[in-house]
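*Asks:* My structure is in structure_28.csv, and what it holds is CSV, C-alpha atoms:
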chain,number,residue,atom,x,y,z
A,9,MET,CA,7.9,20.0,-18.1
A,10,ASN,CA,7.1,16.8,-16.2
A,11,SER,CA,6.7,14.7,-19.4
A,12,THR,CA,10.0,16.1,-20.7
A,13,THR,CA,11.8,15.1,-17.5
A,14,LYS,CA,10.2,11.6,-17.7
A,15,GLU,CA,11.3,11.2,-21.3
A,16,ASN,CA,14.8,12.3,-20.4
A,17,LYS,CA,14.8,9.8,-17.6
A,18,GLU,CA,13.7,7.0,-19.9
A,19,THR,CA,16.3,8.0,-22.5
A,20,ILE,CA,19.1,8.1,-20.0
A,21,ARG,CA,18.2,5.0,-17.9
A,22,PRO,CA,15.3,3.0,-19.2
A,23,VAL,CA,14.0,0.6,-16.5
A,24,PHE,CA,12.6,-2.7,-17.5
A,25,PRO,CA,8.8,-2.5,-16.6
A,26,PHE,CA,7.8,-4.4,-13.5
A,27,THR,CA,4.6,-5.7,-15.2
A,28,ALA,CA,6.6,-7.1,-18.1
A,29,ILE,CA,8.6,-9.5,-15.9
A,30,VAL,CA,7.5,-13.0,-16.6
A,31,GLY,CA,7.2,-15.5,-13.7
A,32,GLN,CA,9.0,-15.1,-10.3
A,33,GLU,CA,5.6,-14.4,-8.7
A,34,GLU,CA,6.9,-15.0,-5.2
A,35,MET,CA,9.7,-12.4,-5.5
A,36,LYS,CA,7.3,-9.8,-7.0
A,37,LEU,CA,4.7,-10.4,-4.3
A,38,ALA,CA,7.3,-10.0,-1.5
A,39,LEU,CA,8.5,-6.7,-3.0
A,40,ILE,CA,5.0,-5.3,-3.5
A,41,LEU,CA,4.0,-6.1,0.1
A,42,ASN,CA,7.1,-4.5,1.5
A,43,VAL,CA,6.4,-1.4,-0.5
A,44,ILE,CA,2.8,-1.3,0.8
A,45,ASP,CA,4.0,-1.8,4.4
A,46,PRO,CA,7.8,-1.0,4.9
A,47,LYS,CA,7.4,-2.2,8.5
A,48,ILE,CA,7.4,-5.8,7.3
A,49,GLY,CA,11.1,-5.5,7.4
A,50,GLY,CA,12.5,-5.9,4.0
A,51,VAL,CA,13.1,-9.0,1.8
A,52,MET,CA,16.0,-11.4,1.2
A,53,ILE,CA,15.9,-12.9,-2.3
A,54,MET,CA,18.1,-15.9,-2.8
A,55,GLY,CA,18.3,-17.7,-6.2
A,56,ASP,CA,20.3,-18.9,-9.2
A,57,ARG,CA,22.3,-16.5,-11.3
A,58,GLY,CA,20.5,-14.8,-14.2
A,59,THR,CA,17.0,-15.2,-12.8
A,60,GLY,CA,16.1,-11.5,-12.9
A,61,LYS,CA,16.6,-10.6,-9.2
A,62,SER,CA,18.3,-7.2,-9.8
A,63,THR,CA,16.0,-6.4,-12.8
A,64,THR,CA,12.9,-6.9,-10.7
A,65,ILE,CA,14.2,-5.0,-7.7
A,66,ARG,CA,15.1,-2.0,-9.8
A,67,ALA,CA,11.8,-2.1,-11.5
A,68,ILE,CA,9.7,-1.9,-8.3
A,69,ALA,CA,11.0,1.7,-7.6
A,70,ASP,CA,9.4,2.9,-10.8
A,71,LEU,CA,6.0,1.8,-9.6
A,72,LEU,CA,5.9,4.1,-6.6
A,73,PRO,CA,4.3,7.5,-6.5
A,74,LYS,CA,6.5,10.6,-5.9
A,75,ILE,CA,7.0,11.6,-2.3
A,76,GLU,CA,6.8,15.0,-0.7
A,77,VAL,CA,10.1,16.1,0.9
A,78,VAL,CA,11.5,19.2,2.5
A,79,LYS,CA,13.3,21.1,-0.3
A,80,ASP,CA,17.1,20.6,-0.6
A,81,ASP,CA,17.1,18.4,2.5
A,82,LEU,CA,19.9,15.8,2.7
A,83,PHE,CA,17.7,13.2,4.3
A,84,ASN,CA,14.5,13.4,2.2
A,85,SER,CA,12.7,14.6,5.4
A,86,HIS,CA,8.9,14.4,5.5
A,87,PRO,CA,7.4,17.9,5.9
A,88,MET,CA,4.9,16.8,8.6
A,89,ASP,CA,5.8,13.4,10.1
A,90,VAL,CA,8.3,13.9,12.8
A,91,ASP,CA,9.5,10.3,12.7
A,92,LEU,CA,10.7,10.8,9.2
A,93,MET,CA,12.2,14.3,9.7
A,94,SER,CA,15.7,15.4,10.6
A,95,ASP,CA,16.2,17.2,14.0
A,96,GLU,CA,17.0,20.5,12.2
A,97,ASN,CA,13.7,20.5,10.4
A,98,LYS,CA,11.9,19.4,13.6
A,99,LYS,CA,13.3,22.5,15.3
A,100,THR,CA,12.4,24.8,12.4
A,101,LEU,CA,8.8,23.5,12.6
A,102,GLN,CA,8.6,24.0,16.3
A,103,ASP,CA,9.9,27.6,15.9
A,104,GLY,CA,6.8,28.1,13.7
A,105,VAL,CA,8.8,28.5,10.4
A,106,ALA,CA,7.1,27.1,7.3
A,107,LEU,CA,9.0,24.4,5.5
A,108,THR,CA,9.4,24.6,1.7
A,109,THR,CA,8.6,21.3,0.0
A,110,SER,CA,9.1,19.6,-3.3
A,111,TYR,CA,8.3,16.2,-4.9
A,112,ILE,CA,10.9,13.6,-5.8
A,113,ASN,CA,11.0,10.0,-7.1
A,114,VAL,CA,11.2,7.4,-4.4
A,115,PRO,CA,15.0,6.9,-3.8
A,116,MET,CA,16.5,3.7,-5.0
A,117,VAL,CA,20.0,3.3,-3.6
A,118,ASP,CA,22.4,0.6,-4.5
A,119,LEU,CA,25.0,-0.4,-1.9
A,120,PRO,CA,28.3,-1.4,-3.5
A,121,LEU,CA,29.9,-4.6,-2.2
A,122,GLY,CA,33.1,-2.8,-1.1
A,123,ALA,CA,31.4,0.0,0.8
A,124,THR,CA,33.0,1.1,4.0
A,125,GLU,CA,31.1,2.0,7.3
A,126,ASP,CA,31.7,5.7,6.7
A,127,ARG,CA,30.2,5.4,3.2
A,128,VAL,CA,27.1,3.7,4.5
A,129,CYS,CA,26.5,5.7,7.7
A,130,GLY,CA,28.1,9.1,6.8
A,131,THR,CA,30.9,11.0,8.5
A,132,ILE,CA,31.4,13.9,10.9
A,133,ASP,CA,34.1,16.4,10.2
A,134,ILE,CA,35.9,16.3,13.5
A,135,GLU,CA,38.5,19.0,12.6
A,136,LYS,CA,35.7,21.5,11.8
A,137,ALA,CA,33.8,20.5,14.9
A,138,LEU,CA,36.9,21.1,17.2
A,139,THR,CA,38.3,24.2,15.6
A,140,GLU,CA,35.1,26.1,14.6
A,141,GLY,CA,32.5,24.4,16.9
A,142,ILE,CA,30.3,23.5,13.9
A,143,LYS,CA,28.8,20.1,13.5
A,144,THR,CA,29.4,19.2,9.9
A,145,PHE,CA,27.9,15.9,8.7
A,146,GLU,CA,28.6,14.3,5.4
A,147,PRO,CA,25.6,12.0,4.7
A,148,GLY,CA,26.1,8.4,3.7
A,149,LEU,CA,23.9,5.9,1.8
A,150,LEU,CA,21.5,5.5,4.7
A,151,ALA,CA,20.6,9.2,4.5
A,152,LYS,CA,20.0,9.0,0.7
A,153,ALA,CA,17.8,5.9,1.2
A,154,ASN,CA,15.5,7.4,3.8
A,155,ARG,CA,11.9,6.8,2.7
A,156,GLY,CA,13.1,4.7,-0.3
A,157,ILE,CA,14.6,1.4,-1.1
A,158,LEU,CA,18.1,0.3,-0.2
A,159,TYR,CA,19.3,-2.6,-2.4
A,160,VAL,CA,22.3,-4.8,-1.5
A,161,ASP,CA,23.3,-7.2,-4.2
A,162,GLU,CA,25.3,-10.3,-3.0
A,163,VAL,CA,24.3,-9.4,0.6
A,164,ASN,CA,25.8,-12.8,1.7
A,165,LEU,CA,29.2,-11.5,0.6
A,166,LEU,CA,28.9,-8.3,2.6
A,167,ASP,CA,30.7,-7.9,5.9
A,168,ASP,CA,28.5,-9.1,8.8
A,169,HIS,CA,29.2,-5.8,10.7
A,170,LEU,CA,27.7,-3.8,7.8
A,171,VAL,CA,24.7,-6.1,7.4
A,172,ASP,CA,24.1,-5.5,11.2
A,173,ILE,CA,24.2,-1.7,10.7
A,174,LEU,CA,21.7,-1.9,7.8
A,175,LEU,CA,19.3,-4.1,9.7
A,176,ASP,CA,19.5,-1.9,12.9
A,177,SER,CA,18.7,1.2,10.9
A,178,ALA,CA,15.9,-0.5,8.9
A,179,ALA,CA,14.4,-1.7,12.2
A,180,SER,CA,14.7,1.5,14.2
A,181,GLY,CA,14.2,4.0,11.4
A,182,TRP,CA,17.2,6.1,12.6
A,183,ASN,CA,20.9,6.2,12.0
A,184,THR,CA,23.2,7.5,14.7
A,185,VAL,CA,26.9,8.4,13.9
A,186,GLU,CA,29.2,9.1,16.8
A,187,ARG,CA,32.8,10.2,16.5
A,188,GLU,CA,35.0,11.6,19.4
A,189,GLY,CA,32.0,12.4,21.6
A,190,ILE,CA,30.1,14.2,18.8
A,191,SER,CA,26.8,12.6,17.8
A,192,VAL,CA,24.6,13.1,14.8
A,193,ARG,CA,21.4,11.2,14.1
A,194,HIS,CA,19.0,11.3,11.2
A,195,PRO,CA,15.9,9.4,10.0
A,196,ALA,CA,16.7,6.2,7.9
A,197,ARG,CA,13.4,4.5,7.3
A,198,PHE,CA,13.8,2.3,4.1
A,199,VAL,CA,12.8,-1.0,2.6
A,200,LEU,CA,15.9,-3.2,2.8
A,201,VAL,CA,16.2,-5.6,-0.2
A,202,GLY,CA,19.0,-8.1,-0.3
A,203,SER,CA,19.8,-10.6,-3.0
A,204,GLY,CA,22.3,-13.4,-3.4
A,205,ASN,CA,23.2,-16.8,-4.8
A,206,PRO,CA,23.1,-19.6,-2.1
A,207,GLU,CA,26.1,-21.2,-3.8
A,208,GLU,CA,28.3,-18.3,-2.7
A,209,GLY,CA,27.4,-18.9,1.0
A,210,GLU,CA,24.5,-18.3,3.4
A,211,LEU,CA,23.9,-15.4,5.7
A,212,ARG,CA,24.3,-16.1,9.5
A,213,PRO,CA,20.9,-17.3,10.9
A,214,GLN,CA,20.6,-14.4,13.3
A,215,LEU,CA,21.0,-11.9,10.4
A,216,LEU,CA,18.7,-13.8,8.1
A,217,ASP,CA,16.0,-13.8,10.9
A,218,ARG,CA,16.0,-10.0,10.8
A,219,PHE,CA,14.8,-9.8,7.2
A,220,GLY,CA,11.0,-9.7,7.2
A,221,MET,CA,10.6,-12.0,4.2
A,222,HIS,CA,12.7,-14.6,2.3
A,223,ALA,CA,11.9,-15.3,-1.4
A,224,GLU,CA,13.5,-18.2,-3.2
A,225,ILE,CA,14.0,-17.9,-6.9
A,226,ARG,CA,14.6,-20.9,-9.2
A,227,THR,CA,15.5,-21.0,-12.9
A,228,VAL,CA,12.4,-21.4,-15.0
A,229,LYS,CA,12.3,-25.0,-16.5
A,230,ASP,CA,9.2,-24.6,-18.8
A,231,PRO,CA,10.6,-24.1,-22.4
A,232,GLU,CA,7.7,-21.9,-23.5
A,233,LEU,CA,8.1,-19.6,-20.5
A,234,ARG,CA,11.8,-19.4,-21.1
A,235,VAL,CA,11.2,-18.4,-24.7
A,236,LYS,CA,8.7,-15.7,-23.5
A,237,ILE,CA,11.3,-14.3,-21.1
A,238,VAL,CA,14.0,-14.2,-23.8
A,239,GLU,CA,11.5,-12.4,-26.2
A,240,GLN,CA,10.6,-9.8,-23.6
A,241,ARG,CA,14.2,-9.1,-22.8
A,242,THR,CA,15.1,-8.9,-26.5
A,243,ASN,CA,12.2,-6.5,-27.3
A,244,PHE,CA,13.3,-4.3,-24.4
A,245,ASP,CA,17.0,-4.2,-25.5
A,246,GLN,CA,16.0,-3.4,-29.1
A,247,ASN,CA,13.5,-0.7,-28.3
A,248,PRO,CA,13.2,0.2,-24.6
A,249,ARG,CA,10.8,3.2,-25.2
A,250,ARG,CA,8.3,1.0,-27.1
A,251,CYS,CA,8.4,-1.7,-24.4
A,252,ILE,CA,7.8,0.9,-21.7
A,253,GLU,CA,4.9,2.4,-23.7
A,254,ASP,CA,3.3,-1.0,-24.3
A,255,CYS,CA,3.3,-1.7,-20.5
A,256,GLN,CA,2.2,1.8,-19.5
A,257,LYS,CA,-1.4,0.9,-18.8
A,258,THR,CA,-0.6,-2.2,-16.7
A,259,GLN,CA,2.1,-0.2,-14.9
A,260,ASN,CA,-0.4,2.6,-14.1
A,261,ASP,CA,-3.0,0.1,-12.9
A,262,LEU,CA,-0.5,-1.6,-10.5
A,263,LYS,CA,0.8,1.8,-9.3
A,264,GLU,CA,-2.8,2.8,-8.5
A,265,LYS,CA,-3.5,-0.5,-6.7
A,266,ILE,CA,-0.4,-0.1,-4.5
A,267,ALA,CA,-1.3,3.5,-3.7
A,268,GLU,CA,-4.8,2.5,-2.7
A,269,ALA,CA,-3.5,-0.4,-0.6
A,270,GLN,CA,-1.2,2.0,1.3
A,271,LEU,CA,-4.2,4.2,2.2
A,272,LEU,CA,-6.3,1.2,3.1
A,273,LEU,CA,-3.7,-0.6,5.3
A,274,SER,CA,-4.4,1.1,8.6
A,275,ASN,CA,-8.1,0.0,8.4
A,276,ILE,CA,-7.4,-3.7,7.8
A,277,THR,CA,-8.4,-6.1,10.7
A,278,ILE,CA,-7.3,-9.6,11.4
A,279,ASP,CA,-9.6,-11.8,13.6
A,280,TYR,CA,-8.3,-13.1,16.9
A,281,ASP,CA,-8.8,-16.7,16.0
A,282,LEU,CA,-6.6,-16.2,12.8
A,283,ARG,CA,-3.9,-14.6,14.9
A,284,ILE,CA,-4.0,-17.5,17.3
A,285,LYS,CA,-3.6,-19.9,14.4
A,286,ILE,CA,-0.6,-17.9,13.0
A,287,SER,CA,1.1,-18.2,16.4
A,288,GLN,CA,0.2,-22.0,16.5
A,289,VAL,CA,2.0,-22.5,13.2
A,290,CYS,CA,5.0,-20.6,14.5
A,291,GLY,CA,5.0,-22.6,17.7
A,292,GLU,CA,4.7,-26.0,15.9
A,293,LEU,CA,7.6,-25.0,13.6
A,294,ASP,CA,9.7,-24.2,16.6
A,295,VAL,CA,10.4,-20.6,15.3
A,296,ASP,CA,12.6,-18.7,17.8
A,297,GLY,CA,11.3,-15.4,19.0
A,298,LEU,CA,8.2,-13.5,17.9
A,299,ARG,CA,9.4,-11.9,14.7
A,300,GLY,CA,7.7,-14.6,12.6
A,301,ASP,CA,4.3,-13.9,14.3
A,302,ILE,CA,4.6,-10.1,13.9
A,303,VAL,CA,5.8,-10.2,10.2
A,304,THR,CA,3.1,-12.8,9.2
A,305,ASN,CA,0.4,-10.6,10.7
A,306,ARG,CA,1.7,-7.5,8.9
A,307,ALA,CA,2.2,-9.3,5.6
A,308,ALA,CA,-1.3,-10.8,5.7
A,309,LYS,CA,-2.8,-7.3,6.3
A,310,ALA,CA,-0.8,-5.8,3.4
A,311,TYR,CA,-1.9,-8.6,1.1
A,312,ALA,CA,-5.6,-8.0,2.1
A,313,ALA,CA,-5.1,-4.3,1.5
A,314,PHE,CA,-3.6,-5.1,-1.9
A,315,ASN,CA,-6.7,-7.0,-2.8
A,316,GLY,CA,-9.0,-4.2,-1.6
A,317,GLN,CA,-10.4,-6.2,1.4
A,318,GLN,CA,-11.2,-4.9,4.9
A,319,ASN,CA,-10.6,-8.2,6.7
A,320,VAL,CA,-7.8,-10.8,6.5
A,321,LYS,CA,-8.9,-14.2,5.3
A,322,SER,CA,-7.2,-17.6,5.8
A,323,SER,CA,-6.2,-17.7,2.1
A,324,ASP,CA,-4.4,-14.3,2.6
A,325,ILE,CA,-2.3,-15.8,5.4
A,326,GLY,CA,-1.6,-18.9,3.2
A,327,LYS,CA,-0.2,-16.7,0.5
A,328,VAL,CA,2.4,-15.0,2.7
A,329,ILE,CA,3.2,-17.3,5.5
A,330,THR,CA,5.9,-19.3,3.6
A,331,LEU,CA,7.7,-16.0,2.7
A,332,CYS,CA,7.6,-14.9,6.3
A,333,LEU,CA,8.7,-18.1,8.0
A,334,ARG,CA,10.9,-20.3,5.8
A,335,HIS,CA,14.2,-18.6,6.8
A,336,ARG,CA,13.4,-18.8,10.5
A,337,LEU,CA,13.3,-22.6,10.8
A,338,ARG,CA,16.2,-24.4,12.4
A,339,LYS,CA,18.4,-26.2,9.9
A,340,ASP,CA,18.2,-30.0,10.2
A,341,PRO,CA,20.8,-31.7,8.0
A,342,LEU,CA,18.7,-34.9,8.1
A,343,GLU,CA,15.5,-33.2,7.0
A,344,ALA,CA,14.6,-34.1,3.4
A,345,MET,CA,11.7,-31.7,3.2
A,346,ASP,CA,12.3,-28.1,1.9
A,347,SER,CA,11.7,-25.5,4.6
A,348,GLY,CA,9.0,-23.8,2.4
A,349,GLU,CA,7.1,-27.1,2.0
A,350,LYS,CA,7.4,-27.7,5.7
A,351,VAL,CA,5.8,-24.3,6.5
A,352,GLN,CA,3.0,-24.9,4.0
A,353,LYS,CA,2.3,-28.4,5.5
A,354,VAL,CA,2.0,-27.1,9.0
A,355,PHE,CA,-0.2,-24.2,7.8
A,356,ASN,CA,-2.6,-26.6,6.0
A,357,LYS,CA,-2.8,-28.9,9.1
A,358,ILE,CA,-3.6,-26.1,11.6
A,359,PHE,CA,-5.9,-24.0,9.3
A,360,GLU,CA,-7.9,-26.9,8.1
A,361,GLU,CA,-8.4,-28.4,11.5
A,362,GLU,CA,-11.5,-26.3,12.2
A,363,ASN,CA,-12.7,-26.0,8.6
Represent the structure of the file as structure tokens.
*Replies:*
Amino acid sequence: MNSTTKENKETIRPVFPFTAIVGQEEMKLALILNVIDPKIGGVMIMGDRGTGKSTTIRAIADLLPKIEVVKDDLFNSHPMDVDLMSDENKKTLQDGVALTTSYINVPMVDLPLGATEDRVCGTIDIEKALTEGIKTFEPGLLAKANRGILYVDEVNLLDDHLVDILLDSAASGWNTVEREGISVRHPARFVLVGSGNPEEGELRPQLLDRFGMHAEIRTVKDPELRVKIVEQRTNFDQNPRRCIEDCQKTQNDLKEKIAEAQLLLSNITIDYDLRIKISQVCGELDVDGLRGDIVTNRAAKAYAAFNGQQNVKSSDIGKVITLCLRHRLRKDPLEAMDSGEKVQKVFNKIFEEEN
């Protein structure tokens, strides 16, 4: 039955395999690390048109193992973890009633550009609440995205107020809706992924700072690589089933590697002197606040887990620090150096001082 369901899924909506995507290593790494540790805080992907941003983001969801949820629950509640469970299920559990569970694919929710606050957060039926005394909540996109991925294309064109709501929910793991003195809250722990084209405008710095990582995507210039990308896409468009089958082994291997990294993550350690150096880099780059330090520590641990290590090495930090800090630097119109290069230069200087 499972294989039939899978076949149907592929027939209805074939997804370009993640491992078949050529190049764009920075974006792929940022997505994998956020999937291993959602507490990194999401990723903002900025780049030229037609560079495979949306394709890559939609492909990552297919790599994730199914999750156990409370059956027919509107919020994909976890059957045991109270932080990922709705208040109703929590009460049921406290009353000693067993919860029926089922397995679902990791939710991948697209947020349309014209979405309203009610569509995002959900609504409370005030009339029913006042006349019948029943709290009726119509869940929004944040409820559907709990324990999954919420993707916002052209996030730089989205209303700042909505971006704020998304970032608040992603950071706290909860969404609270209040109308006329009636309040409903539900878990909303998700990986927030935004993408956009810098030509269409930048996000405000205080909103940009709240994304854990920032990946920059540029159009591939190498003609051989461009031909390879075109061939991959043409093969997929002509025969999606064949392309998916060809990539099945590499997809399964990566899926297994991610699942192992998720289990290993809590045991990863990062030495005190490496943490000091991370904070030195942040200090020298004049990064406001401590988000940069926190995210770099988390990302380095996730990268070490992905490579099956127990301890974080300097090279692990070097791989992730640009992703974590480049969008937190103050813009200097007279600065000729790219912000990513600046981060790497300061990293090399501080980490090589004692080597």
*Asks:* With distances taken over all atoms listed in the file, which residue among A:Arg197, A:His169, A:Lys229, A:Arg57 lies nearest Trp182 in chain A?
*Replies:*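 Looking at the shortest contact to Trp182 in chain A, the residue is A:Arg197.
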*Asks:* Of the candidates A:Asp176, A:Glu96, A:Asp133, A:Glu292, which shows the shortest atom-to-atom distance to Glu146 in chain A, using only C-alpha atoms?
*Replies:*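 Under the stated criterion, the closest residue is A:Asp133.
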*Asks:* I'd like the neighbourhood of range 352-354 of chain A as a list in words, where a residue qualifies if any of its atoms comes within 8 Å (using all atoms listed in the file), though same-chain residues fewer than 5 positions away should be ignored.
*Replies:* Val289, Glu292, Leu293, Gly326, Ile329 and Thr330 of chain A
*Asks:* Measuring atom to atom with all atoms listed in the file, identify which of A:Phe355, A:Arg241, A:Ser274, A:Ile157 is nearest to Cys290 in chain A.
*Replies:* A:Phe355
*Asks:* Using CA of Asn260 in chain A and CA of Ala313 in chain A as the two end points, give the distance in Å to one decimal.
*Replies:*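 Calculated distance between CA of Asn260 in chain A and CA of Ala313 in chain A is 17.7 Å.
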*Asks:* Do you have the CA of Ala151 in chain A-CA of Ala196 in chain A distance handy?
*Replies:* 6.0 Å
*Asks:* Looking at only C-alpha atoms, which of A:Pro147, A:Gly220, A:Gly189, A:Pro213 is the one that sits closest to Gly300 in chain A?
*Replies:* A:Gly220
*Asks:* Using only C-alpha atoms, can you tell me which of A:Leu333, A:Val114, A:Leu170, A:Ile132 comes closest to Ala69 in chain A?
*Replies:*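 Of A:Leu333, A:Val114, A:Leu170, A:Ile132, the one nearest Ala69 in chain A is A:Val114, counting only C-alpha atoms.
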*Asks:* Near Asp45 in chain A, counting only C-alpha atoms, which residues have an atom at most 8 Å away, once you skip same-chain residues fewer than 6 positions from it, shown as a ChimeraX atom specification?
*Replies:* /A:270,273,306-307,310
*Asks:* Skip range 33-44 of chain A itself and residues of its chain fewer than 5 positions away, then list as JSON, numbers by chain all residues within 8 Å of it, counting only C-alpha atoms.
*Replies:* {"A": [49, 50, 51, 53, 64, 65, 68, 199, 221, 223, 224, 225, 266, 267, 269, 270, 273, 307, 310, 311, 314, 331]}
*Asks:* Grab the CA of Pro73 in chain A to CA of Asn113 in chain A distance for me, in Å with one decimal place.
*Replies:*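 We find that CA of Pro73 in chain A and CA of Asn113 in chain A lie 7.2 Å from each other.
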*Asks:* Would you kindly return, as a list in words, each protein, DNA or RNA residue with an atom no farther than 9 Å from any atom of range 126-131 of chain A, considering all atoms listed in the file and excluding same-chain residues fewer than 5 positions away?
*Replies:*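 Using all atoms listed in the file, the neighbours found are Leu119, Thr144, Phe145, Glu146, Pro147, Gly148, Leu149, Leu150, Ala151, Leu170, Ile173, Leu174, Asn183, Thr184, Val185, Glu186 and Arg187 of chain A.
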*Asks:* Between A:His222, A:Arg66, A:Arg234, A:Lys327, which is the closest to Ser347 in chain A once you count only C-alpha atoms?
*Replies:*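 That would be A:His222, the residue with the smallest distance to Ser347 in chain A.
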*Asks:* Using all atoms listed in the file, which residues sit within 9 Å of Val320 in chain A once same-chain residues fewer than 5 positions away are excluded, as a list of chain:residue names?
*Replies:* A:Ile276, A:Thr277, A:Ile278, A:Asp279, A:Leu282, A:Ala308, A:Lys309, A:Tyr311, A:Ala312, A:Ala313, A:Ile325
*Asks:* Using all atoms listed in the file, what residues lie at most 6 Å away from (9.4, 22.0, 1.3) (file coordinates), given as a PyMOL selection string?
*Replies:* chain A and resi 77-79+107-110
*Asks:* Could I get range 99-110 of chain A from the block written out with N, CA, C and O atoms, as a PDB file, in the first residue's frame?
*Replies:*
ATOM      1  N   LYS A  99      -4.017  18.077  27.497  1.00  0.00           N
ATOM      2  CA  LYS A  99      -5.027  17.796  28.535  1.00  0.00           C
ATOM      3  C   LYS A  99      -5.470  16.322  28.455  1.00  0.00           C
ATOM      4  O   LYS A  99      -5.612  15.642  29.474  1.00  0.00           O
ATOM      5  N   THR A 100      -5.667  15.845  27.230  1.00  0.00           N
ATOM      6  CA  THR A 100      -6.065  14.439  27.025  1.00  0.00           C
ATOM      7  C   THR A 100      -5.019  13.497  27.625  1.00  0.00           C
ATOM      8  O   THR A 100      -5.344  12.522  28.289  1.00  0.00           O
ATOM      9  N   LEU A 101      -3.743  13.832  27.397  1.00  0.00           N
ATOM     10  CA  LEU A 101      -2.638  13.022  27.899  1.00  0.00           C
ATOM     11  C   LEU A 101      -2.589  13.050  29.429  1.00  0.00           C
ATOM     12  O   LEU A 101      -2.375  12.021  30.082  1.00  0.00           O
ATOM     13  N   GLN A 102      -2.810  14.258  29.995  1.00  0.00           N
ATOM     14  CA  GLN A 102      -2.814  14.398  31.464  1.00  0.00           C
ATOM     15  C   GLN A 102      -3.963  13.631  32.110  1.00  0.00           C
ATOM     16  O   GLN A 102      -3.874  13.160  33.237  1.00  0.00           O
ATOM     17  N   ASP A 103      -5.080  13.493  31.364  1.00  0.00           N
ATOM     18  CA  ASP A 103      -6.242  12.745  31.875  1.00  0.00           C
ATOM     19  C   ASP A 103      -6.050  11.233  31.767  1.00  0.00           C
ATOM     20  O   ASP A 103      -6.940  10.455  32.128  1.00  0.00           O
ATOM     21  N   GLY A 104      -4.875  10.840  31.225  1.00  0.00           N
ATOM     22  CA  GLY A 104      -4.561   9.408  31.135  1.00  0.00           C
ATOM     23  C   GLY A 104      -5.168   8.703  29.945  1.00  0.00           C
ATOM     24  O   GLY A 104      -5.193   7.470  29.879  1.00  0.00           O
ATOM     25  N   VAL A 105      -5.670   9.468  28.973  1.00  0.00           N
ATOM     26  CA  VAL A 105      -6.267   8.863  27.773  1.00  0.00           C
ATOM     27  C   VAL A 105      -5.172   8.673  26.722  1.00  0.00           C
ATOM     28  O   VAL A 105      -4.395   9.596  26.445  1.00  0.00           O
ATOM     29  N   ALA A 106      -5.103   7.493  26.134  1.00  0.00           N
ATOM     30  CA  ALA A 106      -4.077   7.218  25.110  1.00  0.00           C
ATOM     31  C   ALA A 106      -4.416   7.935  23.813  1.00  0.00           C
ATOM     32  O   ALA A 106      -5.586   7.991  23.403  1.00  0.00           O
ATOM     33  N   LEU A 107      -3.393   8.509  23.174  1.00  0.00           N
ATOM     34  CA  LEU A 107      -3.598   9.225  21.913  1.00  0.00           C
ATOM     35  C   LEU A 107      -3.341   8.290  20.733  1.00  0.00           C
ATOM     36  O   LEU A 107      -2.365   7.553  20.718  1.00  0.00           O
ATOM     37  N   THR A 108      -4.260   8.322  19.749  1.00  0.00           N
ATOM     38  CA  THR A 108      -4.074   7.519  18.536  1.00  0.00           C
ATOM     39  C   THR A 108      -3.120   8.263  17.612  1.00  0.00           C
ATOM     40  O   THR A 108      -3.255   9.474  17.415  1.00  0.00           O
ATOM     41  N   THR A 109      -2.149   7.552  17.062  1.00  0.00           N
ATOM     42  CA  THR A 109      -1.153   8.233  16.212  1.00  0.00           C
ATOM     43  C   THR A 109      -1.148   7.683  14.793  1.00  0.00           C
ATOM     44  O   THR A 109      -1.663   6.597  14.531  1.00  0.00           O
ATOM     45  N   SER A 110      -0.558   8.471  13.898  1.00  0.00           N
ATOM     46  CA  SER A 110      -0.342   8.024  12.519  1.00  0.00           C
ATOM     47  C   SER A 110       0.927   8.697  12.006  1.00  0.00           C
ATOM     48  O   SER A 110       1.449   9.616  12.648  1.00  0.00           O
TER      49      SER A 110
END
